[in-house]
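For reference, the structure discussed in these notes is given below.
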Amino acid sequence: MKNLLEIKLGTYAYIDGISNLASTKIKRRLLDLGFTKGQKVRCVHKSMLGKDFLLELRHFTLSLRGEIVKYILVKSVGEK
């Protein structure tokens, strides 16, 4: 399984879940933001150092740190 850091910039992926390595606080926050299984997500922009990510999810755009994004597990659009 890939995490959201591994997808190419501008491509869509489907969320497959949240890693078990994430703390309960981080899991809860990501679920509250809408990162639920089956949702389509796209990485719009990465900062130069790769520490910040601009993501498109559920018709809104949000910014997350790389330390949080690594816990989001995804499947590419072509994968089943």
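Every chain in the structure tokens has a letter given in the order shown (A, B, ...), and although residue numbers restart at 1 in each chain, ligands are simply numbered from 1 in the order shown.
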
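Looking only at chain A, the set that DSSP places in helix (DSSP H, G or I) from backbone geometry is A:Leu4, A:Leu5, A:Glu6, A:Thr24, A:Lys25, A:Ile26, A:Lys27, A:Arg28, A:Arg29, A:Leu30, A:Leu31, A:Asp32, A:Leu33, A:Gly66, A:Glu67, A:Ile68, A:Val69.
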
Quick one: write out the picked residues with N, CA and C atoms as a compact mmCIF listing (two decimals), in the first residue's frame?
# COMPACT_ATOMS: atom_id res chain seq x y z
N LEU A 4 0.25 8.77 0.82
CA LEU A 4 -0.05 9.91 -0.04
C LEU A 4 1.21 10.64 -0.51
N LEU A 5 2.32 10.46 0.18
CA LEU A 5 3.57 11.08 -0.23
C LEU A 5 4.09 10.49 -1.54
N GLU A 6 3.71 9.26 -1.86
CA GLU A 6 4.27 8.54 -3.01
C GLU A 6 3.54 8.77 -4.32
N THR A 24 -3.81 8.08 17.96
CA THR A 24 -5.28 8.19 17.97
C THR A 24 -5.71 9.62 17.69
N LYS A 25 -4.97 10.57 18.19
CA LYS A 25 -5.29 11.99 17.99
C LYS A 25 -5.20 12.36 16.50
N ILE A 26 -4.16 11.88 15.82
CA ILE A 26 -4.00 12.17 14.39
C ILE A 26 -5.07 11.46 13.57
N LYS A 27 -5.36 10.20 13.89
CA LYS A 27 -6.41 9.45 13.18
C LYS A 27 -7.75 10.18 13.28
N ARG A 28 -8.08 10.61 14.47
CA ARG A 28 -9.35 11.29 14.71
C ARG A 28 -9.44 12.59 13.91
N ARG A 29 -8.34 13.34 13.90
CA ARG A 29 -8.31 14.62 13.19
C ARG A 29 -8.46 14.42 11.68
N LEU A 30 -7.77 13.42 11.13
CA LEU A 30 -7.87 13.14 9.69
C LEU A 30 -9.28 12.70 9.32
N LEU A 31 -9.89 11.88 10.15
CA LEU A 31 -11.27 11.45 9.89
C LEU A 31 -12.23 12.64 9.96
N ASP A 32 -12.01 13.54 10.91
CA ASP A 32 -12.84 14.75 11.03
C ASP A 32 -12.69 15.66 9.81
N LEU A 33 -11.51 15.66 9.21
CA LEU A 33 -11.27 16.48 8.01
C LEU A 33 -11.87 15.86 6.75
N GLY A 66 3.93 17.25 6.00
CA GLY A 66 4.38 15.95 5.53
C GLY A 66 4.34 14.89 6.61
N GLU A 67 4.54 15.29 7.87
CA GLU A 67 4.51 14.35 8.99
C GLU A 67 3.12 13.73 9.17
N ILE A 68 2.09 14.44 8.75
CA ILE A 68 0.72 13.95 8.86
C ILE A 68 0.31 13.20 7.59
N VAL A 69 0.72 13.71 6.43
CA VAL A 69 0.36 13.13 5.13
C VAL A 69 0.87 11.70 4.99

Those of chain A in DSSP strand (DSSP E), formatted as a ChimeraX atom specification
/A:2-3,12-18,40-46,52-57,60-65,72-76

Pick out the residues sitting within 9 Å of A:Arg58, and hand them over as a PyMOL selection string; count only C-alpha atoms, and ignore anything fewer than 2 positions along from it in its own chain.
chain A and resi 34+39-41+56+60-61

Could you give me, as a list of chain:residue names, the residues within 7 Å of A:Asp16, counting only C-alpha atoms and dropping anything in the same chain fewer than 2 positions from it?
A:Tyr14, A:Lys37, A:Gly38, A:Leu73, A:Val74, A:Lys75

Those residues with C-alpha atoms, as a JSON list (two decimals), in the first residue's frame please?
[["chain", "number", "residue", "atom", "x", "y", "z"],
["A", 14, "TYR", "CA", -8.49, 6.86, -3.53],
["A", 37, "LYS", "CA", -12.00, 5.25, 2.91],
["A", 38, "GLY", "CA", -13.00, 5.55, -0.73],
["A", 73, "LEU", "CA", -2.78, 5.29, 2.78],
["A", 74, "VAL", "CA", -4.00, 5.46, -0.83],
["A", 75, "LYS", "CA", -4.62, 3.39, -3.94]]

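For the pair atom CA of A:Ile72 and atom CA of A:His45, the interatomic distance is 16.3 Å.
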